[in-house]
Amino acid sequence: MDFTMDRGQWSGRGAFVLAAAGSAVGLGNIWKFPYLAGEHGGGAFVLVYLACVAVVGVPVMMTEIMLGRRAQRNPVAAMAHLAREAGASSAWKLVGVMGVVAGAIILSFYSVVAGWIIDYLVRAATGSFAGLDPGGAEAALEGLLGNPHEQALWHSVFMLLTMGVVACGVMRGLERAARIMMPALAAIMLVLTGYGLAQGDMGRALAFMFAADFTRISPQTVLAAVGQAFFSLSLGMGAIMVYGSYLERHILIARATIYVACADTAFALLAGLAVFSIVFAHGMAPASGPGLILKTLPVAFGGVPGGALLGSLFFLLVVFAAWTSSISIAEPGIAWMVENLRLGRGRACVIFGALVWVLGIAALLSFNLWQDVKLFGLSIFDALDYLASNILLPVGGLLIVVFGSWVMRRTHAREELPLGERWFGVWRFAARYVAPVGVTLIFLNVTGLLG
Ligand code: PHE
């Protein structure tokens, strides 16, 4: 097959770091991290999460970028090509296939949540948060979750936004917007954290997030933390791999990885601090599930002068953060359809988008009409999230890291990671032993096989 077709390329390292950071920073940081930390008791979860980012996330991200860049193909074709190069089984391409499937699942519920954010953007802009108390915020959220039409509308809008950009090609798509929006989002996160310091209960927020009560760590908590590390860093499904495949040779992968991981972690921690300082100042419950930021932040925006403007700006920027992520969730599937199935990019976007849209409708109905439908005891929404984040991403990441460090020839890895001998050794040790053993132990622990 001819893969030398014009696939496009990033304009340079800056553009790649920006795009990868745009992929990583998203709803995972602002929506998911605070609510997971709240549900899993705070500090213990946060510390396990940070450890997962450092010892599993960073080596996996380096490996994923490296595989993508070496192959210069979509994840399915990349794994097939690299397996051939290494003289290994062609079954490795299933890692890419699994990534495409995981992408469809993640995008379905991701788009629903992004839709909630658009809804809140409209509410903020029309001043409906003014003077809102926690009870009012809760009622507003229940109103939205109980309304399938409203959610379907915004879910559809977000899917159109996402597929519109992907259809134009990722590089030309959001690169420029991300350059302006991401720093603005960082600035407004700092403002919100400042609000937390001034008006909220930052002391309790800090204690909640960083004082670890290790008696609260269950196997499920650890699995949630590692799953969140994969989700937040966009790992395990080929998103970062396909972004790496648009990368030129001379870029230093290790440094780009550190930038992205640090930016991603900073956004998550700031979002957590802002949310929990509001939670504790108003006597709200930290463990209130996926609606946490929608119950807390409107109260803050409703209580300050200029809150309508600040709130609108905040939700707008979160929509952008979600948008720069959602295109990367779709890209492995789209690149695969274009390069392997020979579909036009536009047509691929319509097919993939329609499929994901339907799945998203099922996810949003699980808050209202299909409330009682349970899969393995979880609602459809929760089941999609659990399957993708806690199973598909860690398994995908495990296979990627094993491939890069055990199957691929050392000399080839060495070509892609021109680090000093010592740092290369550190990467290889982490990729061969630490990350795979860590993820395997976590799985065994959850299934109870460790006793
Ligand atoms: N990292 C994104 C976020 O935190 C979500 C994502 C998951 C993107 C998997 C790509 C792949 O919002």
# chains A, B, ... in the order shown; residues from 1 in each chain; ligands from 1
call {"tool": "residues_around", "arguments": {"residues": "Ile400 of chain A", "least_positions_apart": "4", "cutoff": "10 Å", "atoms": "only C-alpha atoms", "output": "PyMOL selection string"}}
result
chain A and resi 60-61+63-64+67+79+92+95-96+235-238+241+394-396+404-407+431+436
call {"tool": "closest_atom_pairs", "arguments": {"of": "chain A", "to": "ligand 1", "cutoff": "7 Å", "atoms": "only C-alpha atoms and all ligand atoms", "output": "Markdown table"}}
result
| residue | atom | partner | partner_atom_place_in_ligand_line | distance |
| --- | --- | --- | --- | --- |
| A:Ser23 | CA | ligand 1 | 8 (C) | 5.2 |
| A:Ala24 | CA | ligand 1 | 1 (N) | 3.7 |
| A:Val25 | CA | ligand 1 | 4 (O) | 4.9 |
| A:Gly26 | CA | ligand 1 | 12 (O) | 3.3 |
| A:Leu27 | CA | ligand 1 | 12 (O) | 3.9 |
| A:Gly28 | CA | ligand 1 | 4 (O) | 3.2 |
| A:Asn29 | CA | ligand 1 | 4 (O) | 5.2 |
| A:Gly103 | CA | ligand 1 | 11 (C) | 6.8 |
| A:Ile106 | CA | ligand 1 | 7 (C) | 6.9 |
| A:Phe231 | CA | ligand 1 | 7 (C) | 4.4 |
| A:Ser232 | CA | ligand 1 | 4 (O) | 3.6 |
| A:Leu233 | CA | ligand 1 | 1 (N) | 4.9 |
| A:Ser234 | CA | ligand 1 | 11 (C) | 3.6 |
| A:Leu235 | CA | ligand 1 | 9 (C) | 5.9 |
| A:Met237 | CA | ligand 1 | 11 (C) | 6.4 |
| A:Ala239 | CA | ligand 1 | 11 (C) | 5.3 |
| A:Ala322 | CA | ligand 1 | 12 (O) | 6.1 |
| A:Ser325 | CA | ligand 1 | 8 (C) | 4.9 |
| A:Ser326 | CA | ligand 1 | 8 (C) | 6.2 |
| A:Ser328 | CA | ligand 1 | 10 (C) | 5.3 |
| A:Ile329 | CA | ligand 1 | 10 (C) | 4.4 |
call {"tool": "atom_distance", "arguments": {"atom1": "atom CA of Phe158 of chain A", "atom2": "atom CA of Gly353 of chain A"}}
result
10.6 Å
call {"tool": "closest_atom_pairs", "arguments": {"of": "segment 176-214 of chain A", "to": "segment 39-43 of chain A", "cutoff": "10 Å", "atoms": "only C-alpha atoms", "output": "CSV"}}
result
residue,atom,partner,partner_atom,distance
A:Ala205,CA,A:Gly42,CA,9.2
A:Leu206,CA,A:Gly43,CA,8.9
A:Ala207,CA,A:Gly43,CA,7.6
A:Phe208,CA,A:Gly42,CA,5.3
A:Met209,CA,A:Gly43,CA,4.3
A:Phe210,CA,A:Gly43,CA,4.4
A:Ala211,CA,A:Gly43,CA,5.0
A:Ala212,CA,A:Gly43,CA,4.2
A:Asp213,CA,A:Gly43,CA,6.8
A:Phe214,CA,A:Gly43,CA,8.5
call {"tool": "write_last_selection", "arguments": {"atoms": "N, CA and C atoms", "output": "compact mmCIF listing (two decimals), in the first residue's frame"}}
result
# COMPACT_ATOMS: atom_id res chain seq x y z
N ALA A 205 -9.33 22.73 51.02
CA ALA A 205 -9.13 22.16 49.68
C ALA A 205 -7.74 21.54 49.59
N LEU A 206 -6.74 22.28 50.09
CA LEU A 206 -5.37 21.76 50.06
C LEU A 206 -5.26 20.49 50.90
N ALA A 207 -5.86 20.54 52.09
CA ALA A 207 -5.78 19.36 52.96
C ALA A 207 -6.46 18.17 52.30
N PHE A 208 -7.62 18.43 51.69
CA PHE A 208 -8.35 17.34 51.06
C PHE A 208 -7.54 16.72 49.91
N MET A 209 -6.89 17.59 49.14
CA MET A 209 -6.20 17.08 47.95
C MET A 209 -4.82 16.50 48.23
N PHE A 210 -4.19 16.95 49.30
CA PHE A 210 -2.81 16.50 49.47
C PHE A 210 -2.53 15.72 50.75
N ALA A 211 -3.48 15.70 51.69
CA ALA A 211 -3.24 14.87 52.87
C ALA A 211 -3.79 13.49 52.55
N ALA A 212 -2.89 12.53 52.44
CA ALA A 212 -3.32 11.21 51.98
C ALA A 212 -3.68 10.31 53.15
N ASP A 213 -4.86 9.77 53.09
CA ASP A 213 -5.27 8.78 54.07
C ASP A 213 -5.21 7.44 53.35
N PHE A 214 -4.08 6.76 53.52
CA PHE A 214 -3.87 5.57 52.70
C PHE A 214 -4.77 4.39 53.07
call {"tool": "atom_distance", "arguments": {"atom1": "atom CA of Gly115 of chain A", "atom2": "atom CA of His155 of chain A"}}
result
4.6 Å
call {"tool": "closest_residue", "arguments": {"among": "A:Ala224, A:Leu185, A:Leu292, A:Met98", "to": "Trp31 of chain A", "atoms": "only C-alpha atoms"}}
result
A:Leu292
call {"tool": "residues_around", "arguments": {"residues": "segment 375-392 of chain A", "least_positions_apart": "5", "cutoff": "6 Å", "atoms": "only C-alpha atoms", "output": "list in words"}}
result
Ala102, Gly227, Ala363 and Ser366 of chain A
call {"tool": "write_last_selection", "arguments": {"atoms": "C-alpha atoms", "output": "PDB file, in the first residue's frame"}}
result
ATOM      1  CA  ALA A 102     -11.645   3.141  22.277  1.00  0.00           C
ATOM      2  CA  GLY A 227      -7.067   4.986  34.104  1.00  0.00           C
ATOM      3  CA  ALA A 363     -25.014   7.836  26.913  1.00  0.00           C
ATOM      4  CA  SER A 366     -28.873   7.079  30.632  1.00  0.00           C
TER       5      SER A 366
END
call {"tool": "residues_around", "arguments": {"residues": "Ile253 of chain A", "least_positions_apart": "3", "cutoff": "10 Å", "atoms": "only C-alpha atoms", "output": "list in words"}}
result
Arg13, Val17, Met61, Met62, Thr63, Glu64, Ile65, Met66, Arg69, Gly244, Leu247, Arg249, His250, Ala256, Thr257, Ile258, Glu416, Leu417, Pro418 and Leu419 of chain A
call {"tool": "write_last_selection", "arguments": {"atoms": "N, CA, C and O atoms", "output": "mmCIF file, in the first residue's frame"}}
result
data_model
loop_
_atom_site.group_PDB
_atom_site.id
_atom_site.type_symbol
_atom_site.label_atom_id
_atom_site.label_comp_id
_atom_site.auth_asym_id
_atom_site.auth_seq_id
_atom_site.Cartn_x
_atom_site.Cartn_y
_atom_site.Cartn_z
ATOM 1 N N ARG A 13 8.465 21.843 16.270
ATOM 2 C CA ARG A 13 8.275 21.279 17.584
ATOM 3 C C ARG A 13 7.233 22.044 18.376
ATOM 4 O O ARG A 13 6.425 21.470 19.096
ATOM 5 N N VAL A 17 4.131 20.262 20.270
ATOM 6 C CA VAL A 17 3.907 20.332 21.719
ATOM 7 C C VAL A 17 2.542 20.951 21.997
ATOM 8 O O VAL A 17 1.773 20.481 22.840
ATOM 9 N N MET A 61 4.028 7.730 27.069
ATOM 10 C CA MET A 61 3.885 8.808 26.084
ATOM 11 C C MET A 61 5.105 8.859 25.164
ATOM 12 O O MET A 61 4.972 8.981 23.943
ATOM 13 N N MET A 62 6.292 8.733 25.736
ATOM 14 C CA MET A 62 7.490 8.733 24.892
ATOM 15 C C MET A 62 7.419 7.606 23.866
ATOM 16 O O MET A 62 7.727 7.788 22.686
ATOM 17 N N THR A 63 6.990 6.434 24.324
ATOM 18 C CA THR A 63 6.928 5.286 23.419
ATOM 19 C C THR A 63 5.896 5.518 22.321
ATOM 20 O O THR A 63 6.136 5.219 21.147
ATOM 21 N N GLU A 64 4.751 6.067 22.719
ATOM 22 C CA GLU A 64 3.692 6.264 21.721
ATOM 23 C C GLU A 64 4.120 7.247 20.637
ATOM 24 O O GLU A 64 3.900 7.019 19.438
ATOM 25 N N ILE A 65 4.749 8.346 21.053
ATOM 26 C CA ILE A 65 5.208 9.335 20.059
ATOM 27 C C ILE A 65 6.253 8.691 19.154
ATOM 28 O O ILE A 65 6.232 8.836 17.929
ATOM 29 N N MET A 66 7.153 7.947 19.786
ATOM 30 C CA MET A 66 8.233 7.316 19.031
ATOM 31 C C MET A 66 7.696 6.348 17.971
ATOM 32 O O MET A 66 8.145 6.356 16.821
ATOM 33 N N ARG A 69 6.013 8.372 15.145
ATOM 34 C CA ARG A 69 6.932 9.096 14.287
ATOM 35 C C ARG A 69 7.729 8.148 13.403
ATOM 36 O O ARG A 69 7.990 8.429 12.239
ATOM 37 N N GLY A 244 2.100 11.948 16.747
ATOM 38 C CA GLY A 244 3.532 11.728 16.541
ATOM 39 C C GLY A 244 3.852 11.395 15.090
ATOM 40 O O GLY A 244 4.943 11.684 14.599
ATOM 41 N N LEU A 247 4.936 14.106 12.809
ATOM 42 C CA LEU A 247 6.082 14.810 13.368
ATOM 43 C C LEU A 247 7.320 14.543 12.540
ATOM 44 O O LEU A 247 7.546 13.437 12.070
ATOM 45 N N ARG A 249 11.445 14.267 11.874
ATOM 46 C CA ARG A 249 12.487 13.491 12.518
ATOM 47 C C ARG A 249 13.207 14.176 13.673
ATOM 48 O O ARG A 249 13.460 13.590 14.700
ATOM 49 N N HIS A 250 13.577 15.447 13.485
ATOM 50 C CA HIS A 250 14.587 16.009 14.381
ATOM 51 C C HIS A 250 14.072 16.437 15.743
ATOM 52 O O HIS A 250 14.814 16.975 16.551
ATOM 53 N N ALA A 256 9.556 17.090 24.678
ATOM 54 C CA ALA A 256 8.152 17.383 24.373
ATOM 55 C C ALA A 256 7.235 16.672 25.375
ATOM 56 O O ALA A 256 6.260 17.235 25.867
ATOM 57 N N THR A 257 7.585 15.423 25.697
ATOM 58 C CA THR A 257 6.769 14.649 26.642
ATOM 59 C C THR A 257 6.713 15.322 28.014
ATOM 60 O O THR A 257 5.638 15.426 28.614
ATOM 61 N N ILE A 258 7.866 15.793 28.482
ATOM 62 C CA ILE A 258 7.892 16.431 29.800
ATOM 63 C C ILE A 258 7.035 17.695 29.806
ATOM 64 O O ILE A 258 6.249 17.929 30.733
ATOM 65 N N GLU A 416 15.208 6.730 17.521
ATOM 66 C CA GLU A 416 14.088 7.650 17.747
ATOM 67 C C GLU A 416 14.263 8.469 19.011
ATOM 68 O O GLU A 416 13.684 9.538 19.160
ATOM 69 N N LEU A 417 14.990 7.917 19.979
ATOM 70 C CA LEU A 417 15.177 8.612 21.254
ATOM 71 C C LEU A 417 16.659 8.897 21.454
ATOM 72 O O LEU A 417 17.334 8.185 22.200
ATOM 73 N N PRO A 418 17.145 9.944 20.825
ATOM 74 C CA PRO A 418 18.577 10.222 20.910
ATOM 75 C C PRO A 418 18.935 10.894 22.230
ATOM 76 O O PRO A 418 19.392 12.027 22.261
ATOM 77 N N LEU A 419 18.713 10.174 23.308
ATOM 78 C CA LEU A 419 19.020 10.712 24.634
ATOM 79 C C LEU A 419 20.430 10.284 24.999
ATOM 80 O O LEU A 419 21.012 9.433 24.352
#
call {"tool": "select_by_dssp", "arguments": {"residues": "segment 183-416 of chain A", "states": "alpha helix (DSSP H)", "output": "JSON, numbers by chain"}}
result
{"A": [183, 184, 185, 186, 187, 188, 189, 190, 191, 192, 193, 194, 195, 196, 197, 198, 199, 202, 203, 204, 205, 206, 207, 208, 209, 210, 219, 220, 221, 222, 223, 224, 225, 226, 227, 228, 229, 230, 231, 232, 239, 240, 241, 242, 243, 244, 253, 254, 255, 256, 257, 258, 259, 260, 261, 262, 263, 264, 265, 266, 267, 268, 269, 270, 271, 272, 273, 274, 275, 276, 277, 278, 279, 280, 281, 292, 293, 294, 295, 296, 297, 298, 299, 300, 301, 302, 307, 308, 309, 310, 311, 312, 313, 314, 315, 316, 317, 318, 319, 320, 321, 322, 323, 324, 325, 326, 327, 328, 329, 330, 331, 332, 333, 334, 335, 336, 337, 338, 339, 345, 346, 347, 348, 349, 350, 351, 352, 353, 354, 355, 356, 357, 358, 359, 360, 361, 362, 363, 364, 365, 380, 381, 382, 383, 384, 385, 393, 394, 395, 396, 397, 398, 399, 400, 401, 402, 410, 411, 412, 413, 414, 415, 416]}
call {"tool": "residues_around", "arguments": {"residues": "Gln9 of chain A", "least_positions_apart": "5", "cutoff": "10 Å", "atoms": "only C-alpha atoms", "output": "PDB file with N, CA and C atoms, in the first residue's frame"}}
result
ATOM      1  N   ALA A  15       4.627  23.533  17.388  1.00  0.00           N
ATOM      2  CA  ALA A  15       3.283  23.153  16.973  1.00  0.00           C
ATOM      3  C   ALA A  15       2.920  21.777  17.509  1.00  0.00           C
ATOM      4  N   PHE A  16       3.895  20.876  17.503  1.00  0.00           N
ATOM      5  CA  PHE A  16       3.591  19.538  18.017  1.00  0.00           C
ATOM      6  C   PHE A  16       3.289  19.572  19.511  1.00  0.00           C
ATOM      7  N   GLN A  72       5.171   6.882  10.646  1.00  0.00           N
ATOM      8  CA  GLN A  72       4.529   7.896   9.782  1.00  0.00           C
ATOM      9  C   GLN A  72       3.234   7.367   9.157  1.00  0.00           C
ATOM     10  N   VAL A 170      -6.311  18.019  10.779  1.00  0.00           N
ATOM     11  CA  VAL A 170      -6.055  18.500  12.131  1.00  0.00           C
ATOM     12  C   VAL A 170      -5.083  19.674  12.143  1.00  0.00           C
ATOM     13  N   MET A 171      -4.084  19.619  11.277  1.00  0.00           N
ATOM     14  CA  MET A 171      -3.019  20.617  11.359  1.00  0.00           C
ATOM     15  C   MET A 171      -3.522  22.021  11.102  1.00  0.00           C
ATOM     16  N   ARG A 172      -4.293  22.157  10.016  1.00  0.00           N
ATOM     17  CA  ARG A 172      -4.774  23.494   9.726  1.00  0.00           C
ATOM     18  C   ARG A 172      -5.883  23.858  10.689  1.00  0.00           C
ATOM     19  N   TYR A 243      -0.618  11.740  16.365  1.00  0.00           N
ATOM     20  CA  TYR A 243      -0.015  13.083  16.370  1.00  0.00           C
ATOM     21  C   TYR A 243       1.493  12.964  16.145  1.00  0.00           C
ATOM     22  N   GLY A 244       2.100  11.948  16.747  1.00  0.00           N
ATOM     23  CA  GLY A 244       3.532  11.728  16.541  1.00  0.00           C
ATOM     24  C   GLY A 244       3.852  11.395  15.090  1.00  0.00           C
ATOM     25  N   SER A 245       2.881  10.793  14.402  1.00  0.00           N
ATOM     26  CA  SER A 245       3.141  10.381  13.020  1.00  0.00           C
ATOM     27  C   SER A 245       3.182  11.577  12.078  1.00  0.00           C
ATOM     28  N   TYR A 246       2.716  12.733  12.541  1.00  0.00           N
ATOM     29  CA  TYR A 246       2.796  13.948  11.719  1.00  0.00           C
ATOM     30  C   TYR A 246       4.025  14.767  12.102  1.00  0.00           C
ATOM     31  N   LEU A 247       4.936  14.106  12.809  1.00  0.00           N
ATOM     32  CA  LEU A 247       6.082  14.810  13.368  1.00  0.00           C
ATOM     33  C   LEU A 247       7.320  14.543  12.540  1.00  0.00           C
ATOM     34  N   GLU A 248       8.132  15.581  12.428  1.00  0.00           N
ATOM     35  CA  GLU A 248       9.381  15.421  11.698  1.00  0.00           C
ATOM     36  C   GLU A 248      10.422  14.718  12.550  1.00  0.00           C
TER      37      GLU A 248
END
call {"tool": "residues_around", "arguments": {"residues": "Cys349 of chain A", "least_positions_apart": "4", "cutoff": "7 Å", "atoms": "only C-alpha atoms", "output": "PyMOL selection string"}}
result
chain A and resi 163+167+334+345+353
call {"tool": "write_last_selection", "arguments": {"atoms": "C-alpha atoms", "output": "PDB file, in the first residue's frame"}}
result
ATOM      1  CA  MET A 163     -15.878  16.533  12.855  1.00  0.00           C
ATOM      2  CA  ALA A 167     -12.537  16.969   8.120  1.00  0.00           C
ATOM      3  CA  ILE A 334     -10.253   8.929  10.700  1.00  0.00           C
ATOM      4  CA  ARG A 345     -11.565  12.500   4.722  1.00  0.00           C
ATOM      5  CA  GLY A 353     -19.203  10.940  13.463  1.00  0.00           C
TER       6      GLY A 353
END
call {"tool": "closest_residue", "arguments": {"among": "A:Glu339, A:His282, A:Ser218, A:Ala354", "to": "Thr447 of chain A", "atoms": "only C-alpha atoms"}}
result
A:Ser218
call {"tool": "atom_distance", "arguments": {"atom1": "atom CA of Gly14 of chain A", "atom2": "atom CA of Glu175 of chain A"}}
result
10.3 Å
call {"tool": "residues_around", "arguments": {"residues": "Val56 of chain A", "least_positions_apart": "3", "cutoff": "10 Å", "atoms": "only C-alpha atoms", "output": "ChimeraX atom specification"}}
result
/A:50-53,59-61,226,229-230,394,397-398,401,430-431,434-439
